Each structure stands twice: as structure tokens, then as C-alpha cells.
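Text of the file target-v5.pdb, holding PDB, C-alpha atoms:
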```pdb
ATOM      1  CA  ASP A  19     129.183  79.439  92.865
ATOM      2  CA  ALA A  20     126.731  77.298  90.876
ATOM      3  CA  GLY A  21     124.024  79.914  91.089
ATOM      4  CA  VAL A  22     120.426  79.283  92.072
ATOM      5  CA  ILE A  23     119.560  75.654  91.463
ATOM      6  CA  GLN A  24     116.021  74.516  90.759
ATOM      7  CA  SER A  25     114.649  71.031  90.305
ATOM      8  CA  PRO A  26     113.127  69.494  88.396
ATOM      9  CA  ARG A  27     113.665  71.424  85.151
ATOM     10  CA  HIS A  28     110.492  69.975  83.669
ATOM     11  CA  GLU A  29     107.464  68.414  85.337
ATOM     12  CA  VAL A  30     104.422  66.929  83.673
ATOM     13  CA  THR A  31     101.653  65.807  85.968
ATOM     14  CA  GLU A  32      97.989  64.960  85.897
ATOM     15  CA  MET A  33      95.352  67.243  87.288
ATOM     16  CA  GLY A  34      94.760  66.591  90.961
ATOM     17  CA  GLN A  35      98.267  65.386  91.695
ATOM     18  CA  GLU A  36     100.607  67.032  94.168
ATOM     19  CA  VAL A  37     103.601  68.852  92.720
ATOM     20  CA  THR A  38     106.696  69.939  94.636
ATOM     21  CA  LEU A  39     109.239  72.319  93.174
ATOM     22  CA  ARG A  40     112.628  72.739  94.810
ATOM     23  CA  CYS A  41     115.142  75.543  95.061
ATOM     24  CA  LYS A  42     118.643  75.936  96.435
ATOM     25  CA  PRO A  43     119.590  79.629  96.697
ATOM     26  CA  ILE A  44     123.073  81.039  96.398
ATOM     27  CA  SER A  45     125.045  80.540  99.593
ATOM     28  CA  GLY A  46     125.082  83.656 101.741
ATOM     29  CA  HIS A  47     121.953  85.157 100.202
ATOM     30  CA  ASN A  48     119.373  86.171 102.780
ATOM     31  CA  SER A  49     116.273  86.609 100.619
ATOM     32  CA  LEU A  50     114.496  84.066  98.452
ATOM     33  CA  PHE A  51     111.659  84.658  96.015
ATOM     34  CA  TRP A  52     109.293  82.443  94.038
ATOM     35  CA  TYR A  53     107.950  83.820  90.737
ATOM     36  CA  ARG A  54     105.624  82.388  88.093
ATOM     37  CA  GLN A  55     105.888  83.255  84.383
ATOM     38  CA  THR A  56     103.148  82.841  81.794
ATOM     39  CA  MET A  57     102.645  84.341  78.366
ATOM     40  CA  MET A  58      99.489  86.121  79.468
ATOM     41  CA  ARG A  59     100.629  87.582  82.768
ATOM     42  CA  GLY A  60     104.412  87.700  82.499
ATOM     43  CA  LEU A  61     106.486  87.288  85.662
ATOM     44  CA  GLU A  62     104.547  87.485  88.919
ATOM     45  CA  LEU A  63     105.806  87.348  92.473
ATOM     46  CA  LEU A  64     104.238  84.543  94.481
ATOM     47  CA  ILE A  65     106.005  84.664  97.855
ATOM     48  CA  TYR A  66     109.286  85.723  99.375
ATOM     49  CA  PHE A  67     111.345  84.856 102.428
ATOM     50  CA  ASN A  68     113.886  86.866 104.369
ATOM     51  CA  ASN A  69     116.230  84.923 106.641
ATOM     52  CA  ASN A  70     114.043  81.834 106.085
ATOM     53  CA  VAL A  71     110.900  83.607 107.315
ATOM     54  CA  PRO A  72     107.960  84.121 104.931
ATOM     55  CA  ILE A  73     107.430  87.873 104.625
ATOM     56  CA  ASP A  74     104.699  88.264 102.030
ATOM     57  CA  ASP A  75     102.609  85.533 100.422
ATOM     58  CA  SER A  76      99.957  87.831  98.974
ATOM     59  CA  GLY A  77     100.890  86.719  95.461
ATOM     60  CA  MET A  78     100.071  83.060  96.115
ATOM     61  CA  PRO A  79      97.020  82.501  93.934
ATOM     62  CA  GLU A  80      95.116  80.044  96.090
ATOM     63  CA  ASP A  81      95.309  77.898  99.177
ATOM     64  CA  ARG A  82      96.415  75.057  96.920
ATOM     65  CA  PHE A  83      99.817  76.759  96.846
ATOM     66  CA  SER A  84     102.207  76.609  99.782
ATOM     67  CA  ALA A  85     105.898  77.349 100.253
ATOM     68  CA  LYS A  86     108.430  76.533 102.916
ATOM     69  CA  MET A  87     112.015  77.394 103.669
ATOM     70  CA  PRO A  88     113.209  75.026 106.400
ATOM     71  CA  ASN A  89     116.787  76.325 106.247
ATOM     72  CA  ALA A  90     118.948  78.868 104.456
ATOM     73  CA  SER A  91     119.859  76.498 101.645
ATOM     74  CA  PHE A  92     116.531  75.005 100.623
ATOM     75  CA  SER A  93     112.998  76.017  99.724
ATOM     76  CA  THR A  94     109.985  74.225  98.269
ATOM     77  CA  LEU A  95     106.871  75.363  96.468
ATOM     78  CA  LYS A  96     104.026  72.868  96.630
ATOM     79  CA  ILE A  97     100.794  72.751  94.648
ATOM     80  CA  GLN A  98      98.124  70.396  95.946
ATOM     81  CA  PRO A  99      95.961  69.572  94.076
ATOM     82  CA  SER A 100      97.358  70.783  90.770
ATOM     83  CA  GLU A 101      95.139  72.151  87.988
ATOM     84  CA  PRO A 102      95.788  72.774  84.275
ATOM     85  CA  ARG A 103      95.782  76.552  84.845
ATOM     86  CA  ASP A 104      98.828  76.133  87.075
ATOM     87  CA  SER A 105     100.871  75.291  83.978
ATOM     88  CA  ALA A 106     103.676  77.859  83.806
ATOM     89  CA  VAL A 107     107.396  78.306  84.365
ATOM     90  CA  TYR A 108     108.210  78.741  88.039
ATOM     91  CA  PHE A 109     111.360  80.638  88.960
ATOM     92  CA  CYS A 110     113.216  80.858  92.205
ATOM     93  CA  ALA A 111     115.500  83.836  92.840
ATOM     94  CA  SER A 112     117.782  84.863  95.676
ATOM     95  CA  GLU A 113     119.266  88.165  96.795
ATOM     96  CA  ARG A 114     122.173  88.851  99.109
ATOM     97  CA  ASP A 115     120.131  91.554 100.823
ATOM     98  CA  MET A 116     116.628  92.835 100.248
ATOM     99  CA  ASN A 117     116.231  95.005  97.161
ATOM    100  CA  THR A 118     119.624  94.198  95.666
ATOM    101  CA  GLU A 119     120.028  92.392  92.379
ATOM    102  CA  ALA A 120     118.139  89.134  92.168
ATOM    103  CA  PHE A 121     119.773  86.002  90.762
ATOM    104  CA  PHE A 122     117.330  83.656  89.084
ATOM    105  CA  GLY A 123     117.420  79.919  88.643
ATOM    106  CA  GLN A 124     116.777  78.212  85.323
ATOM    107  CA  GLY A 125     113.152  77.640  86.207
ATOM    108  CA  THR A 126     110.843  74.643  86.369
ATOM    109  CA  ARG A 127     108.444  74.254  83.468
ATOM    110  CA  LEU A 128     105.266  72.746  84.898
ATOM    111  CA  THR A 129     102.625  71.208  82.679
ATOM    112  CA  VAL A 130      99.411  69.960  84.271
ATOM    113  CA  VAL A 131      97.289  67.824  81.957
TER     114      VAL A 131
ATOM    115  CA  GLU B  28      98.970  99.199  92.508
ATOM    116  CA  ASP B  29     102.398  99.238  90.896
ATOM    117  CA  GLN B  30     102.369  99.156  87.115
ATOM    118  CA  VAL B  31     105.164  98.604  84.646
ATOM    119  CA  THR B  32     104.535  98.938  80.915
ATOM    120  CA  GLN B  33     107.150  98.114  78.329
ATOM    121  CA  SER B  34     107.151  99.097  74.673
ATOM    122  CA  PRO B  35     107.398  97.962  72.043
ATOM    123  CA  GLU B  36     106.340  94.359  72.711
ATOM    124  CA  ALA B  37     108.649  93.199  69.938
ATOM    125  CA  LEU B  38     111.392  94.860  67.932
ATOM    126  CA  ARG B  39     113.331  93.595  64.973
ATOM    127  CA  LEU B  40     116.548  95.425  64.037
ATOM    128  CA  GLN B  41     119.337  94.958  61.595
ATOM    129  CA  GLU B  42     122.788  94.369  63.027
ATOM    130  CA  GLY B  43     124.315  97.763  63.806
ATOM    131  CA  GLU B  44     120.957  99.559  63.880
ATOM    132  CA  SER B  45     120.707 101.414  67.215
ATOM    133  CA  SER B  46     117.388 101.799  69.042
ATOM    134  CA  SER B  47     115.772 102.246  72.450
ATOM    135  CA  LEU B  48     113.382 100.214  74.562
ATOM    136  CA  ASN B  49     110.943 101.976  76.866
ATOM    137  CA  CYS B  50     109.750 101.146  80.371
ATOM    138  CA  SER B  51     107.030 103.325  81.905
ATOM    139  CA  TYR B  52     106.251 102.830  85.569
ATOM    140  CA  THR B  53     103.700 103.922  88.131
ATOM    141  CA  VAL B  54     104.644 103.469  91.774
ATOM    142  CA  SER B  55     103.953 105.396  94.947
ATOM    143  CA  GLY B  56     107.681 105.625  95.589
ATOM    144  CA  LEU B  57     110.506 104.130  93.574
ATOM    145  CA  ARG B  58     113.073 102.181  95.536
ATOM    146  CA  GLY B  59     114.787 100.861  92.438
ATOM    147  CA  LEU B  60     114.303 100.084  88.759
ATOM    148  CA  PHE B  61     115.932  96.976  87.351
ATOM    149  CA  TRP B  62     116.678  95.759  83.836
ATOM    150  CA  TYR B  63     117.028  92.060  83.120
ATOM    151  CA  ARG B  64     117.778  90.068  80.007
ATOM    152  CA  GLN B  65     116.046  86.718  79.444
ATOM    153  CA  ASP B  66     117.122  84.156  76.862
ATOM    154  CA  PRO B  67     114.737  81.365  75.786
ATOM    155  CA  GLY B  68     114.529  78.586  78.350
ATOM    156  CA  LYS B  69     116.535  80.484  80.937
ATOM    157  CA  GLY B  70     115.917  82.653  83.950
ATOM    158  CA  PRO B  71     116.265  86.439  83.830
ATOM    159  CA  GLU B  72     119.824  87.726  84.053
ATOM    160  CA  PHE B  73     120.527  90.983  85.859
ATOM    161  CA  LEU B  74     121.772  93.939  83.802
ATOM    162  CA  PHE B  75     121.316  97.225  85.704
ATOM    163  CA  THR B  76     119.794  98.878  88.747
ATOM    164  CA  LEU B  77     118.820 102.564  88.707
ATOM    165  CA  TYR B  78     117.729 104.362  91.848
ATOM    166  CA  SER B  79     117.101 108.025  91.045
ATOM    167  CA  ALA B  80     116.052 110.236  88.149
ATOM    168  CA  GLY B  81     118.976 111.295  86.022
ATOM    169  CA  GLU B  82     120.994 108.193  86.770
ATOM    170  CA  GLU B  83     122.618 106.353  83.866
ATOM    171  CA  LYS B  84     124.491 103.060  83.654
ATOM    172  CA  GLU B  85     126.335 101.411  80.781
ATOM    173  CA  LYS B  86     127.483  97.927  79.942
ATOM    174  CA  GLU B  87     129.015  97.157  76.566
ATOM    175  CA  ARG B  88     126.421  98.163  73.942
ATOM    176  CA  LEU B  89     123.682  98.836  76.502
ATOM    177  CA  LYS B  90     122.915 102.043  78.348
ATOM    178  CA  ALA B  91     120.064 102.477  80.813
ATOM    179  CA  THR B  92     118.614 105.837  81.815
ATOM    180  CA  LEU B  93     115.952 106.850  84.318
ATOM    181  CA  THR B  94     113.456 109.699  84.668
ATOM    182  CA  LYS B  95     110.654 110.127  87.193
ATOM    183  CA  LYS B  96     108.207 108.293  84.956
ATOM    184  CA  GLU B  97     110.183 106.018  82.682
ATOM    185  CA  SER B  98     113.416 104.290  81.867
ATOM    186  CA  PHE B  99     115.063 103.674  78.541
ATOM    187  CA  LEU B 100     117.393 100.901  77.535
ATOM    188  CA  HIS B 101     119.462 102.169  74.644
ATOM    189  CA  ILE B 102     121.211  99.619  72.506
ATOM    190  CA  THR B 103     124.008 100.898  70.281
ATOM    191  CA  ALA B 104     125.196  99.015  67.192
ATOM    192  CA  PRO B 105     123.573  95.759  68.339
ATOM    193  CA  LYS B 106     124.845  92.320  67.387
ATOM    194  CA  PRO B 107     122.832  89.122  66.855
ATOM    195  CA  GLU B 108     123.891  87.900  70.304
ATOM    196  CA  ASP B 109     121.942  90.802  71.816
ATOM    197  CA  SER B 110     118.740  89.088  70.730
ATOM    198  CA  ALA B 111     116.695  88.325  73.858
ATOM    199  CA  THR B 112     113.708  89.490  75.846
ATOM    200  CA  TYR B 113     114.507  92.544  77.953
ATOM    201  CA  LEU B 114     112.537  92.897  81.158
ATOM    202  CA  CYS B 115     112.061  95.975  83.298
ATOM    203  CA  ALA B 116     111.048  95.713  86.954
ATOM    204  CA  VAL B 117     110.502  98.045  89.900
ATOM    205  CA  ILE B 118     110.530  97.853  93.670
ATOM    206  CA  ASN B 119     108.171 100.196  95.451
ATOM    207  CA  SER B 120     109.369 102.066  98.510
ATOM    208  CA  GLY B 121     105.813 102.789  99.568
ATOM    209  CA  GLY B 122     105.231  99.553 101.405
ATOM    210  CA  GLY B 123     103.856  96.278 100.196
ATOM    211  CA  ALA B 124     105.863  93.465  98.686
ATOM    212  CA  ASP B 125     109.600  93.884  98.394
ATOM    213  CA  GLY B 126     109.771  91.654  95.372
ATOM    214  CA  LEU B 127     110.046  92.843  91.818
ATOM    215  CA  THR B 128     107.037  93.981  89.776
ATOM    216  CA  PHE B 129     107.875  93.141  86.176
ATOM    217  CA  GLY B 130     106.726  94.478  82.853
ATOM    218  CA  LYS B 131     105.924  91.952  80.149
ATOM    219  CA  GLY B 132     109.157  92.600  78.315
ATOM    220  CA  THR B 133     110.377  93.601  74.878
ATOM    221  CA  HIS B 134     111.322  90.744  72.579
ATOM    222  CA  LEU B 135     114.342  91.988  70.630
ATOM    223  CA  ILE B 136     115.604  90.305  67.475
ATOM    224  CA  ILE B 137     118.823  91.428  65.822
ATOM    225  CA  GLN B 138     119.191  90.193  62.267
ATOM    226  CA  PRO B 139     122.679  89.686  60.788
TER     227      PRO B 139
END
```

Structure translated into C-alpha cells:
Amino acid sequence: DAGVIQSPRHEVTEMGQEVTLRCKPISGHNSLFWYRQTMMRGLELLIYFNNNVPIDDSGMPEDRFSAKMPNASFSTLKIQPSEPRDSAVYFCASERDMNTEAFFGQGTRLTVV
Amino acid sequence: EDQVTQSPEALRLQEGESSSLNCSYTVSGLRGLFWYRQDPGKGPEFLFTLYSAGEEKEKERLKATLTKKESFLHITAPKPEDSATYLCAVINSGGGADGLTFGKGTHLIIQP
């Protein structure tokens, strides 16, 4: 299996623009998570899905952030409008079942200027 | 609120010099404690899961242990390729998010 695949690997955008990050989880995994990593705050959970259904989005920082999982093999995290403080590395992870080991993608490094 | 504190923040060792990394946690109920390794520019890579106090797991030069308040990652006779950031994370059984709550990690450097 190719593992969790995220795209793009790097994104540079101007403040106010819409940004969409993409994730393909490992086939057969039922849970998908979006995390954000910064030097100041470390890794933080943003939102997670179980069987394509959003379970907890309490970590989403603002209404500018939204996530969808239209099917078992694809998820998006959208920021609209983007701000410089959104600059971070965003990771997607999937688990076969809830609370088992999480497999992380390579991350998307987002820079908002 | 779940809290995970890792120490030290950074550790530099000579090749072959054994040491331990600490992870202290505060949760209402521990469902699981996880150790991950993260290399620069990559996502975290799973190492171990521990579920109950007294449990131990080993993998090559690494050994993870768990008590009711903390976990240790012991590294024996490390090699330069063990250099990475080691992350500890917990899942709380007391309700709330099922995702991982991470500590900020220990940046480990092994010098040849």
C-alpha cells in the first residue's frame, strides 16, 4: 500500500485566498484525522471522521476552516479566506479502527503570505 | 483537559550512550499511550502503543514502559540513525475527541 497520500506537499498562497488540502487514506481504514503542526503548539487535532462521517470538529480553529469526506478514499481540508497565522504543516492520518495506530501522510506545508 | 508533557525538549547523546525520554500525562482515563518517531519533513511514524500500567514493549534499541502517570522511552546503545523527534500521545477514555493529544516531542541527536 502507498500509505496515506497528501497533496500538495507545499503550498504558498496570498492572504485572503482559498486553500484546499487533499488526502487519500489507506484503503480499508475507517477513521481519518486532520492535524496541524506548528513550532509553538506542536501537533493539534483539527477534525476526525469515522466511516466518512465527521465525529468531532471541536479542534477546527475558526469558521474559515472546513473539512469534507465525500467517500472512503478522499478528504479535503479547506481554508477560506486564508491568513498568515494559518501557516503550518497539515497532516492527514488514517486508522483501521478507532484508537488503533494512526498512519500519517507526509504533510502539506502551507505558507500564507 | 488532557495534557502531555515531554522532557527533555532536546537531548544530544554520543553513539552508544543509553538514555531515557520522559512523557508525563494527565487524562481522566487512559485508553492508550502512543509513541511516534518523526524525521524532518515527514509525518510521524508509529512505534508503540501501551494500554495499562506495567506494560512494556520493545523494538530494536527502543523500549517503552508505562506507569499510571508517565511513560518512558528507553534507548539502548543508540546509533546516529536513531536521531529524530520522538512524540508521545494519549487517547482519553473519558469522552471527548478520539484523536491523539500529542506532547511537543523530544528532539534527539545521536553523534557518531

Notebook entry, point to check: For B:Cys115, which residue out of A:Ser105, A:Val71, A:Leu61, A:Pro99 is the nearest one, using all atoms listed in the file?
Noted result: A:Leu61

Note to self: I need the output of the PyMOL selection byres ((chain B) within 6 of (chain A)) for this file as a ChimeraX atom specification; which residues are they?
What the structure shows: /B:69-70,131

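Counting from atom CA of B:Gly130, the distance to atom CA of B:Phe61 is 10.5 Å.
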
Margin query: Using the chain letters and numbers from this file, what does the PyMOL selection byres ((chain B and resi 64-67) around 6) select? Give the answer as number ranges by chain.
Written below: B: 63, 68-69, 71-72, 111-113

Check: For the file shown, what are the residues hit by the PyMOL selection byres ((chain A and resi 23) around 8), laid out as a PyMOL selection string?
Finding: chain A and resi 20-22+24-25+41-43+123-124

Go ahead and write the residues just picked, C-alpha atoms, as a PDB file, keeping the file's coordinate frame.
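Contents of part35.pdb, as written:
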```
ATOM      1  CA  ALA A  20     126.731  77.298  90.876  1.00  0.00           C
ATOM      2  CA  GLY A  21     124.024  79.914  91.089  1.00  0.00           C
ATOM      3  CA  VAL A  22     120.426  79.283  92.072  1.00  0.00           C
ATOM      4  CA  GLN A  24     116.021  74.516  90.759  1.00  0.00           C
ATOM      5  CA  SER A  25     114.649  71.031  90.305  1.00  0.00           C
ATOM      6  CA  CYS A  41     115.142  75.543  95.061  1.00  0.00           C
ATOM      7  CA  LYS A  42     118.643  75.936  96.435  1.00  0.00           C
ATOM      8  CA  PRO A  43     119.590  79.629  96.697  1.00  0.00           C
ATOM      9  CA  GLY A 123     117.420  79.919  88.643  1.00  0.00           C
ATOM     10  CA  GLN A 124     116.777  78.212  85.323  1.00  0.00           C
TER      11      GLN A 124
END
```
